[in-house]
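Enquirer: Have a look at this one.
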Amino acid sequence: MNIHTYEKTWLAVSMVLIVGFIATVTYGAVGPGIAMIDDDGGSIDPDTINDDERFNDPGVTHVGENEYEAAVVAQAWTYTPSEITVPANSTVTFYVTSRDVTHSFTVAGTNVNTMVVPGQISEMTVEFDEPGEYGILCNEYCGAYHHTMEGKLNVVPQDEFDLTELSTDASDEAQLGNQTTINTTVSNDMNYDLETTATLEIGDQQSLEQDVTVPAHGSETVEFAVDTTDLGTGDHDWTVTVDGHEESDTLTVTNATEGGDGDA
Ligand code: CUA
């Protein structure tokens, strides 16, 4: 059979193109380490997200030496937490789910991009080598304020990173002569115990210190008893410092007679 030279050329070109297309698709699927989101993450009932151990207090948790987990809940039109901080040179596994409709969790400038479907948990593991700041945004149209749905991912140097958080519970006001307490709860999301010292500075005279050990993935409350007689009446600014973190407020000590019982 005699095949015309032009036809031979076109046949050869088509073959090259077909092989080329197949190679491109194969490379795209397995080459640069891009994986499709599958059902590895498991499923979850969107109505019981608050009861789920991972999602009831979403955020970053330390799970191994340089390994972290970040749980994120998407809902119209926010991510919780809206700001995620992880250390550089770490491996982070994101678990993202939706409370309402389909969203996406896209970290701009990286290949982190997944749909977030209610009922499903999207799981992605990413390595962050360098410190940097990335925007998180939603790529799936999810309603009127879809375009405002955004978050932030901070990759910070390792020595600037910890997972300690403070919250305080204290009265704004106390009567002169009464004792009042300033309670500070220290939470620790690292997978080792935090041994540290809590310091309370109040007014000009009082500085109190307490050693505290916060268990891994736990919290501990430090109670400072404040003597209002020492402070005297008036406004007294105070600061609790734990492991480089601070909480401040003001305590107002009032004269006992202002309470209306008895004479001073
Ligand atoms: Cu959420 Cu668009």
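Just so we're on the same page: first chain in the structure tokens is A, next is B, and so on; residues restart at 1 for each chain, and ligands are numbered from 1 in the order they show up.
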Taking only C-alpha atoms and all ligand atoms into account, which residues have an atom no farther than 8 Å from ligand 1? I'd like them as a PyMOL selection string.

Expert: chain A and resi 74-78+101-104+137-143+145-147+149

Enquirer: Next, dump the selected residues to file, keeping only N, CA and C atoms, as a PDB file, in the first residue's frame.

Expert:
```
ATOM      1  N   ALA A  74     -15.413  25.923  57.920  1.00  0.00           N
ATOM      2  CA  ALA A  74     -15.844  26.947  56.971  1.00  0.00           C
ATOM      3  C   ALA A  74     -17.350  27.107  57.107  1.00  0.00           C
ATOM      4  N   GLN A  75     -17.801  28.332  57.076  1.00  0.00           N
ATOM      5  CA  GLN A  75     -19.239  28.585  57.000  1.00  0.00           C
ATOM      6  C   GLN A  75     -19.426  29.943  56.363  1.00  0.00           C
ATOM      7  N   ALA A  76     -20.599  30.193  55.806  1.00  0.00           N
ATOM      8  CA  ALA A  76     -20.834  31.455  55.116  1.00  0.00           C
ATOM      9  C   ALA A  76     -20.735  32.599  56.128  1.00  0.00           C
ATOM     10  N   TRP A  77     -19.780  33.501  56.092  1.00  0.00           N
ATOM     11  CA  TRP A  77     -18.752  33.647  55.107  1.00  0.00           C
ATOM     12  C   TRP A  77     -17.416  33.858  55.824  1.00  0.00           C
ATOM     13  N   THR A  78     -17.104  32.875  56.650  1.00  0.00           N
ATOM     14  CA  THR A  78     -15.871  32.965  57.440  1.00  0.00           C
ATOM     15  C   THR A  78     -15.204  31.594  57.558  1.00  0.00           C
ATOM     16  N   VAL A 101     -22.845  25.261  53.453  1.00  0.00           N
ATOM     17  CA  VAL A 101     -22.847  24.942  52.026  1.00  0.00           C
ATOM     18  C   VAL A 101     -21.428  24.622  51.565  1.00  0.00           C
ATOM     19  N   THR A 102     -21.269  24.345  50.283  1.00  0.00           N
ATOM     20  CA  THR A 102     -19.947  24.025  49.766  1.00  0.00           C
ATOM     21  C   THR A 102     -19.100  25.289  49.640  1.00  0.00           C
ATOM     22  N   HIS A 103     -17.928  25.233  50.235  1.00  0.00           N
ATOM     23  CA  HIS A 103     -16.954  26.311  50.126  1.00  0.00           C
ATOM     24  C   HIS A 103     -15.681  25.714  49.544  1.00  0.00           C
ATOM     25  N   SER A 104     -14.623  26.530  49.487  1.00  0.00           N
ATOM     26  CA  SER A 104     -13.319  25.952  49.217  1.00  0.00           C
ATOM     27  C   SER A 104     -12.352  26.486  50.251  1.00  0.00           C
ATOM     28  N   LEU A 137      -8.611  31.848  50.791  1.00  0.00           N
ATOM     29  CA  LEU A 137      -9.843  32.343  50.204  1.00  0.00           C
ATOM     30  C   LEU A 137     -10.732  31.207  49.730  1.00  0.00           C
ATOM     31  N   CYS A 138     -11.960  31.595  49.440  1.00  0.00           N
ATOM     32  CA  CYS A 138     -12.991  30.640  49.038  1.00  0.00           C
ATOM     33  C   CYS A 138     -13.205  30.749  47.532  1.00  0.00           C
ATOM     34  N   ASN A 139     -13.070  29.627  46.860  1.00  0.00           N
ATOM     35  CA  ASN A 139     -13.171  29.575  45.404  1.00  0.00           C
ATOM     36  C   ASN A 139     -14.509  29.070  44.898  1.00  0.00           C
ATOM     37  N   GLU A 140     -15.374  28.658  45.827  1.00  0.00           N
ATOM     38  CA  GLU A 140     -16.668  28.116  45.413  1.00  0.00           C
ATOM     39  C   GLU A 140     -17.722  29.148  45.752  1.00  0.00           C
ATOM     40  N   TYR A 141     -18.551  29.493  44.779  1.00  0.00           N
ATOM     41  CA  TYR A 141     -19.568  30.496  45.049  1.00  0.00           C
ATOM     42  C   TYR A 141     -20.502  30.003  46.157  1.00  0.00           C
ATOM     43  N   CYS A 142     -20.607  30.779  47.256  1.00  0.00           N
ATOM     44  CA  CYS A 142     -21.352  30.298  48.422  1.00  0.00           C
ATOM     45  C   CYS A 142     -22.357  31.316  48.926  1.00  0.00           C
ATOM     46  N   GLY A 143     -22.692  32.292  48.100  1.00  0.00           N
ATOM     47  CA  GLY A 143     -23.725  33.237  48.512  1.00  0.00           C
ATOM     48  C   GLY A 143     -23.271  34.668  48.366  1.00  0.00           C
ATOM     49  N   TYR A 145     -21.990  37.025  50.087  1.00  0.00           N
ATOM     50  CA  TYR A 145     -20.718  37.590  50.531  1.00  0.00           C
ATOM     51  C   TYR A 145     -19.539  36.637  50.292  1.00  0.00           C
ATOM     52  N   HIS A 146     -19.719  35.756  49.307  1.00  0.00           N
ATOM     53  CA  HIS A 146     -18.667  34.813  48.922  1.00  0.00           C
ATOM     54  C   HIS A 146     -17.320  35.519  48.746  1.00  0.00           C
ATOM     55  N   HIS A 147     -17.363  36.690  48.117  1.00  0.00           N
ATOM     56  CA  HIS A 147     -16.111  37.397  47.802  1.00  0.00           C
ATOM     57  C   HIS A 147     -15.414  37.927  49.049  1.00  0.00           C
ATOM     58  N   MET A 149     -15.147  36.116  51.844  1.00  0.00           N
ATOM     59  CA  MET A 149     -14.762  34.980  52.682  1.00  0.00           C
ATOM     60  C   MET A 149     -13.257  34.761  52.554  1.00  0.00           C
TER      61      MET A 149
END
```

Enquirer: Pick out the residues sitting within 8 Å of segment 85-88 of chain A, and hand them over as a tab-separated table (two decimals) with N, CA, C and O atoms, in the first residue's frame; count only C-alpha atoms, and ignore anything fewer than 2 positions along from it in its own chain.

Expert:
```tsv
chain	number	residue	atom	x	y	z
A	60	VAL	N	-4.80	25.08	65.64
A	60	VAL	CA	-3.57	24.32	65.41
A	60	VAL	C	-3.20	23.51	66.65
A	60	VAL	O	-3.30	24.01	67.77
A	68	TYR	N	2.09	19.17	62.77
A	68	TYR	CA	0.97	19.89	63.35
A	68	TYR	C	-0.31	19.52	62.60
A	68	TYR	O	-0.26	19.10	61.45
A	83	GLU	N	-7.45	33.13	61.33
A	83	GLU	CA	-6.01	33.28	61.17
A	83	GLU	C	-5.33	32.03	61.74
A	83	GLU	O	-5.59	31.63	62.87
A	90	SER	N	7.88	22.75	59.01
A	90	SER	CA	6.95	21.83	59.65
A	90	SER	C	6.05	21.19	58.60
A	90	SER	O	5.96	21.66	57.46
A	92	VAL	N	2.17	20.23	58.06
A	92	VAL	CA	0.86	20.56	58.62
A	92	VAL	C	-0.22	19.79	57.88
A	92	VAL	O	-0.27	19.81	56.65
A	128	PHE	N	5.74	23.27	55.03
A	128	PHE	CA	6.11	24.68	54.92
A	128	PHE	C	7.57	24.82	55.30
A	128	PHE	O	7.95	24.57	56.43
A	129	ASP	N	8.41	25.21	54.32
A	129	ASP	CA	9.84	25.32	54.57
A	129	ASP	C	10.24	26.71	55.03
A	129	ASP	O	11.12	26.87	55.86
A	130	GLU	N	9.59	27.72	54.46
A	130	GLU	CA	10.02	29.10	54.69
A	130	GLU	C	8.93	29.88	55.40
A	130	GLU	O	7.75	29.66	55.16
A	131	PRO	N	9.33	30.84	56.25
A	131	PRO	CA	8.32	31.74	56.82
A	131	PRO	C	7.64	32.54	55.71
A	131	PRO	O	8.26	32.81	54.67
A	153	LEU	N	-2.95	32.76	56.63
A	153	LEU	CA	-2.04	31.73	57.11
A	153	LEU	C	-0.67	32.35	57.31
A	153	LEU	O	-0.10	32.91	56.38
A	154	ASN	N	-0.17	32.29	58.53
A	154	ASN	CA	1.16	32.82	58.83
A	154	ASN	C	2.10	31.66	59.07
A	154	ASN	O	1.82	30.82	59.92
A	155	VAL	N	3.19	31.63	58.34
A	155	VAL	CA	4.24	30.66	58.63
A	155	VAL	C	5.36	31.46	59.29
A	155	VAL	O	5.94	32.34	58.66
A	156	VAL	N	5.60	31.20	60.57
A	156	VAL	CA	6.56	32.02	61.33
A	156	VAL	C	7.81	31.20	61.63
A	156	VAL	O	7.77	29.97	61.63
A	157	PRO	N	8.96	31.88	61.87
A	157	PRO	CA	10.16	31.14	62.26
A	157	PRO	C	9.88	30.30	63.51
A	157	PRO	O	9.09	30.71	64.36
A	158	GLN	N	10.56	29.16	63.59
A	158	GLN	CA	10.25	28.22	64.68
A	158	GLN	C	10.40	28.84	66.06
A	158	GLN	O	9.62	28.54	66.96
A	160	GLU	N	9.71	31.71	66.99
A	160	GLU	CA	8.64	32.65	67.32
A	160	GLU	C	7.32	31.93	67.55
A	160	GLU	O	6.27	32.54	67.71
A	161	PHE	N	7.37	30.60	67.52
A	161	PHE	CA	6.11	29.86	67.54
A	161	PHE	C	5.90	29.15	68.87
A	161	PHE	O	6.79	28.49	69.39
```

Enquirer: Ranking A:Thr252, A:Val212, A:Glu173, A:Gln206 by minimum distance to Val186 of chain A and counting only C-alpha atoms, which one comes first?

Expert: A:Val212

Enquirer: Using atom CA of Trp238 of chain A and atom CA of Ala256 of chain A as the two end points, give the distance in Å to one decimal.

Expert: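 Atom CA of Ala256 of chain A lies at a distance of 21.3 Å from atom CA of Trp238 of chain A.
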
Enquirer: From the set A:Gly177, A:Asp249, A:Asp51, A:Ser187, which residue has the shortest atom-to-atom contact distance to Val226 of chain A, counting only C-alpha atoms?

Expert: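 Of the candidates, the smallest distance to Val226 of chain A is held by A:Gly177.
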
Enquirer: Can you list every residue in segment 4-88 of chain A that DSSP puts in alpha helix (DSSP H), as a list in words?

Expert: Thr5, Tyr6, Glu7, Lys8, Thr9, Trp10, Leu11, Ala12, Val13, Ser14, Met15, Val16, Leu17, Ile18, Val19, Gly20, Phe21, Ile22, Ala23, Thr24, Val25, Thr26, Tyr27, Gly28, Ala29 and Val30 of chain A

Enquirer: For the residues in the current selection, export N, CA and C atoms as a PDB file, in the first residue's frame.

Expert:
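Contents of the output file again12.pdb:
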```pdb
ATOM      1  N   THR A   5       3.240  10.867   1.266  1.00  0.00           N
ATOM      2  CA  THR A   5       4.198  11.427   2.234  1.00  0.00           C
ATOM      3  C   THR A   5       3.527  12.371   3.229  1.00  0.00           C
ATOM      4  N   TYR A   6       2.622  13.251   2.698  1.00  0.00           N
ATOM      5  CA  TYR A   6       1.924  14.184   3.590  1.00  0.00           C
ATOM      6  C   TYR A   6       1.120  13.431   4.640  1.00  0.00           C
ATOM      7  N   GLU A   7       0.426  12.359   4.165  1.00  0.00           N
ATOM      8  CA  GLU A   7      -0.420  11.602   5.091  1.00  0.00           C
ATOM      9  C   GLU A   7       0.427  10.955   6.174  1.00  0.00           C
ATOM     10  N   LYS A   8       1.595  10.436   5.768  1.00  0.00           N
ATOM     11  CA  LYS A   8       2.527   9.838   6.733  1.00  0.00           C
ATOM     12  C   LYS A   8       2.923  10.880   7.779  1.00  0.00           C
ATOM     13  N   THR A   9       3.259  12.051   7.297  1.00  0.00           N
ATOM     14  CA  THR A   9       3.673  13.121   8.211  1.00  0.00           C
ATOM     15  C   THR A   9       2.569  13.424   9.211  1.00  0.00           C
ATOM     16  N   TRP A  10       1.311  13.588   8.685  1.00  0.00           N
ATOM     17  CA  TRP A  10       0.181  13.905   9.585  1.00  0.00           C
ATOM     18  C   TRP A  10      -0.071  12.774  10.571  1.00  0.00           C
ATOM     19  N   LEU A  11       0.070  11.527  10.100  1.00  0.00           N
ATOM     20  CA  LEU A  11      -0.111  10.384  11.010  1.00  0.00           C
ATOM     21  C   LEU A  11       0.911  10.457  12.144  1.00  0.00           C
ATOM     22  N   ALA A  12       2.165  10.724  11.756  1.00  0.00           N
ATOM     23  CA  ALA A  12       3.230  10.794  12.757  1.00  0.00           C
ATOM     24  C   ALA A  12       2.952  11.920  13.751  1.00  0.00           C
ATOM     25  N   VAL A  13       2.555  13.080  13.233  1.00  0.00           N
ATOM     26  CA  VAL A  13       2.270  14.227  14.110  1.00  0.00           C
ATOM     27  C   VAL A  13       1.137  13.897  15.070  1.00  0.00           C
ATOM     28  N   SER A  14       0.048  13.232  14.552  1.00  0.00           N
ATOM     29  CA  SER A  14      -1.073  12.898  15.432  1.00  0.00           C
ATOM     30  C   SER A  14      -0.633  11.940  16.530  1.00  0.00           C
ATOM     31  N   MET A  15       0.222  10.975  16.162  1.00  0.00           N
ATOM     32  CA  MET A  15       0.715  10.024  17.164  1.00  0.00           C
ATOM     33  C   MET A  15       1.478  10.763  18.270  1.00  0.00           C
ATOM     34  N   VAL A  16       2.365  11.643  17.842  1.00  0.00           N
ATOM     35  CA  VAL A  16       3.158  12.410  18.814  1.00  0.00           C
ATOM     36  C   VAL A  16       2.223  13.198  19.736  1.00  0.00           C
ATOM     37  N   LEU A  17       1.194  13.823  19.149  1.00  0.00           N
ATOM     38  CA  LEU A  17       0.252  14.610  19.944  1.00  0.00           C
ATOM     39  C   LEU A  17      -0.477  13.739  20.961  1.00  0.00           C
ATOM     40  N   ILE A  18      -0.948  12.560  20.496  1.00  0.00           N
ATOM     41  CA  ILE A  18      -1.692  11.673  21.400  1.00  0.00           C
ATOM     42  C   ILE A  18      -0.800  11.245  22.562  1.00  0.00           C
ATOM     43  N   VAL A  19       0.415  10.802  22.240  1.00  0.00           N
ATOM     44  CA  VAL A  19       1.350  10.394  23.294  1.00  0.00           C
ATOM     45  C   VAL A  19       1.641  11.573  24.219  1.00  0.00           C
ATOM     46  N   GLY A  20       1.801  12.742  23.613  1.00  0.00           N
ATOM     47  CA  GLY A  20       2.069  13.955  24.392  1.00  0.00           C
ATOM     48  C   GLY A  20       0.942  14.259  25.363  1.00  0.00           C
ATOM     49  N   PHE A  21      -0.313  14.171  24.891  1.00  0.00           N
ATOM     50  CA  PHE A  21      -1.463  14.454  25.764  1.00  0.00           C
ATOM     51  C   PHE A  21      -1.501  13.480  26.931  1.00  0.00           C
ATOM     52  N   ILE A  22      -1.313  12.184  26.618  1.00  0.00           N
ATOM     53  CA  ILE A  22      -1.366  11.178  27.676  1.00  0.00           C
ATOM     54  C   ILE A  22      -0.258  11.447  28.701  1.00  0.00           C
ATOM     55  N   ALA A  23       0.945  11.785  28.218  1.00  0.00           N
ATOM     56  CA  ALA A  23       2.070  12.047  29.118  1.00  0.00           C
ATOM     57  C   ALA A  23       1.761  13.252  30.004  1.00  0.00           C
ATOM     58  N   THR A  24       1.184  14.305  29.426  1.00  0.00           N
ATOM     59  CA  THR A  24       0.870  15.512  30.192  1.00  0.00           C
ATOM     60  C   THR A  24      -0.121  15.213  31.305  1.00  0.00           C
ATOM     61  N   VAL A  25      -1.199  14.473  30.939  1.00  0.00           N
ATOM     62  CA  VAL A  25      -2.229  14.159  31.930  1.00  0.00           C
ATOM     63  C   VAL A  25      -1.639  13.289  33.031  1.00  0.00           C
ATOM     64  N   THR A  26      -0.817  12.307  32.653  1.00  0.00           N
ATOM     65  CA  THR A  26      -0.203  11.418  33.652  1.00  0.00           C
ATOM     66  C   THR A  26       0.712  12.199  34.578  1.00  0.00           C
ATOM     67  N   TYR A  27       1.520  13.067  33.969  1.00  0.00           N
ATOM     68  CA  TYR A  27       2.431  13.869  34.792  1.00  0.00           C
ATOM     69  C   TYR A  27       1.638  14.765  35.747  1.00  0.00           C
ATOM     70  N   GLY A  28       0.578  15.364  35.233  1.00  0.00           N
ATOM     71  CA  GLY A  28      -0.244  16.246  36.061  1.00  0.00           C
ATOM     72  C   GLY A  28      -0.858  15.516  37.232  1.00  0.00           C
ATOM     73  N   ALA A  29      -1.203  14.231  37.004  1.00  0.00           N
ATOM     74  CA  ALA A  29      -1.879  13.474  38.058  1.00  0.00           C
ATOM     75  C   ALA A  29      -0.910  12.988  39.124  1.00  0.00           C
ATOM     76  N   VAL A  30       0.285  12.569  38.731  1.00  0.00           N
ATOM     77  CA  VAL A  30       1.191  11.957  39.711  1.00  0.00           C
ATOM     78  C   VAL A  30       2.522  12.698  39.886  1.00  0.00           C
TER      79      VAL A  30
END
```
